[in-house]
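All remarks here apply to the structure that follows.
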Amino acid sequence: MSDAGAARPATDWPLFEVFIRSRSGLEHKHVGSLHAADARMAIEHARDVYTRRQEGVSIWVMRSADIIASDPAEADSLFEPARDKVYRHPTFYAIPDEVKNL
Amino acid sequence: MSAAAEVPAGGDAALEAARLRYVLRLADTSLVLGQRLGEWVGHAPALEEDLGLANLALDLIGQARLLLGYAAELEGRGRDEDALAFLRDAPQFLNLTLAEQPNGDFADTIVRQWLIDAWQLEIYTGLSGSADGRLAAIAAKSLKETRYHYRFSGGWLTRLGDGTDESHARTQRALESLWRFTEELFAPDEVDERMSAAGIAPPLAEAGARWRERIAADLRRATLPCPARQPHPWHGKRGVHTEYLGHLLAEMQHLQRTYPGARW
């Protein structure tokens, strides 16, 4: 398409992260991101982009810039120490028959 | 073509003929507008708007299918929804003239959409309580979609009107060029009169007054002056169209006309 530049304006819009709750009672899950001029437009875009096939009953959006992320360079000190501590998983117990949902 | 000649006065036959025409008007307006919006796919200003406009288009085509299916039953001449959509010529299409107007720029599309969304809000709200149970059910379902369409188009109207100098100027220009088609939206003819007298359709005068209030409020929010009413309505709903409908139908109907009965 010769007028590919027509798609440019959206890049001036800030990026939003989208979270969708698939059913009542379940948590919102991160599903992706999109561009929008403001929060209201982000909700509408999220509805159009991520819930067209009945994926959700509730939408959260937030500016991607507002996310505070862990530093990949610190991954060793943050996550390595947990690796050899398998006993922190509750897998060493016999589960009573009465407990259905564990 | 005079609609009066096609709807004989008095009797059940006249009511049924009017009902068929009324349903076709609703169906064709949704179908033609849906087809128009489909032309944006791959060309919208942003990927997100591309999907948004396509969603609107699909909602409208879904409405058209329900309505055309009902019209086919009312007609009872063995035609189905596809035959009505793909094998009628422009003079048999009864959509509002506004719906067939070209996409133009994004402001033209948004103004056209917003004017018709606000119209559908009034019509579908009224039809939800229709004496015609089938129409009431279709309207109740469509109303949910229309509320979102109106939120989408009304939101954009405010953004564009109250946006930059250029977006304001373009939206103003779109409003002035499309406004002449709005008088038809609520100008009742004998079909509308018969439908509202039978409790099937809402009275257009009251619906029109509410529409004008809503439109005026939205325009104030968008910082756009409201044009004056135009005395002479167009007659798309009587099958008298602008040149644009023929081109739209040529594209929409091409496949079925070239390969009759073609299927996926």
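How things are named: the first chain in the structure tokens is A, the next is B, and so on; residues count from 1 in each chain; ligands count from 1 in the order shown.
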Problem - helix (DSSP H, G or I) call set, DSSP backbone run, chain A, as a PyMOL selection string - result: chain A and resi 4-12+39-50+64-66+72-82+86-88
Dump C-alpha atoms for the selected residues as a compact mmCIF listing (two decimals), in the first residue's frame?
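Below is the file result-v2.txt, written as the result:
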# COMPACT_ATOMS: atom_id res chain seq x y z
CA ALA A 4 1.39 3.18 4.57
CA GLY A 5 2.08 6.44 6.37
CA ALA A 6 -1.65 6.63 7.06
CA ALA A 7 -1.13 4.14 9.88
CA ARG A 8 1.36 6.43 11.63
CA PRO A 9 -0.80 8.63 13.86
CA ALA A 10 -1.42 5.76 16.27
CA THR A 11 2.23 5.70 17.18
CA ASP A 12 1.77 9.12 18.79
CA ALA A 39 -8.07 5.69 29.10
CA ARG A 40 -11.58 5.79 27.67
CA MET A 41 -10.33 5.05 24.18
CA ALA A 42 -8.09 2.32 25.57
CA ILE A 43 -11.12 0.55 27.06
CA GLU A 44 -12.99 0.82 23.74
CA HIS A 45 -10.01 -0.44 21.78
CA ALA A 46 -9.50 -3.27 24.24
CA ARG A 47 -13.15 -4.23 23.80
CA ASP A 48 -12.77 -4.23 20.03
CA VAL A 49 -9.38 -5.91 19.87
CA TYR A 50 -9.49 -8.44 22.71
CA SER A 64 2.43 0.72 30.13
CA ALA A 65 4.65 3.54 31.37
CA ASP A 66 3.13 3.16 34.86
CA PRO A 72 16.53 -8.43 34.16
CA ALA A 73 20.13 -7.83 35.30
CA GLU A 74 19.06 -8.65 38.84
CA ALA A 75 17.36 -11.90 37.87
CA ASP A 76 20.10 -13.99 39.49
CA SER A 77 19.78 -12.45 42.91
CA LEU A 78 15.98 -12.20 42.70
CA PHE A 79 15.09 -15.65 41.41
CA GLU A 80 18.06 -18.00 41.72
CA PRO A 81 17.80 -18.46 45.50
CA ALA A 82 14.36 -20.11 45.11
CA VAL A 86 11.66 -27.38 46.44
CA TYR A 87 10.29 -27.89 49.95
CA ARG A 88 8.49 -24.58 49.51
When DSSP is applied to the backbone of this structure, which of chain A are assigned strand (DSSP E or B)? Write them out as a PDB file with C-alpha atoms, in the first residue's frame.
ATOM      1  CA  LEU A  15       0.782   2.329  24.971  1.00  0.00           C
ATOM      2  CA  PHE A  16      -1.696   0.664  27.329  1.00  0.00           C
ATOM      3  CA  GLU A  17      -1.577  -2.816  28.848  1.00  0.00           C
ATOM      4  CA  VAL A  18      -4.847  -4.742  28.727  1.00  0.00           C
ATOM      5  CA  PHE A  19      -6.176  -7.167  31.342  1.00  0.00           C
ATOM      6  CA  ILE A  20      -9.292  -9.234  30.757  1.00  0.00           C
ATOM      7  CA  ARG A  21     -11.450 -11.135  33.247  1.00  0.00           C
ATOM      8  CA  HIS A  28      -7.994 -10.341  35.317  1.00  0.00           C
ATOM      9  CA  LYS A  29      -5.229 -11.691  33.111  1.00  0.00           C
ATOM     10  CA  HIS A  30      -2.813  -9.764  30.980  1.00  0.00           C
ATOM     11  CA  VAL A  31      -3.698 -10.324  27.326  1.00  0.00           C
ATOM     12  CA  GLY A  32      -1.628  -7.761  25.432  1.00  0.00           C
ATOM     13  CA  SER A  33      -1.205  -4.088  24.749  1.00  0.00           C
ATOM     14  CA  LEU A  34      -2.519  -1.427  22.396  1.00  0.00           C
ATOM     15  CA  HIS A  35      -2.283   2.254  21.543  1.00  0.00           C
ATOM     16  CA  SER A  58     -14.477  -7.083  32.429  1.00  0.00           C
ATOM     17  CA  ILE A  59     -11.544  -5.041  31.166  1.00  0.00           C
ATOM     18  CA  TRP A  60      -8.723  -3.246  32.957  1.00  0.00           C
ATOM     19  CA  VAL A  61      -6.293  -1.007  31.143  1.00  0.00           C
ATOM     20  CA  MET A  62      -3.277   0.872  32.451  1.00  0.00           C
ATOM     21  CA  ARG A  63      -0.551   2.918  30.878  1.00  0.00           C
TER      22      ARG A  63
END
Exercise for the section: Using only C-alpha atoms, find the one residue out of A:Asp38, A:Asp84, A:Lys100, A:Glu27 that sits nearest to chain B. Expected result: A:Asp38
Practice task
Pull out every residue of chain B sitting within 7 Å of chain A, counting only C-alpha atoms, and send them as a PyMOL selection string.
Solution key: chain B and resi 45-46+48+51-52+55
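For the choices B:Arg21, B:Arg212, B:Arg88, B:Arg194, the atom-to-atom distance to Met252 of chain B is smallest for B:Arg88 when using only C-alpha atoms.
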Practice task
Please indicate the distance in Å from atom CA of Thr29 of chain B to atom CA of Ala205 of chain B, rounded to one decimal place.
Solution key: 19.6 Å
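Counting from atom CA of Glu75 of chain B, the distance to atom CA of Leu24 of chain B is 10.3 Å.
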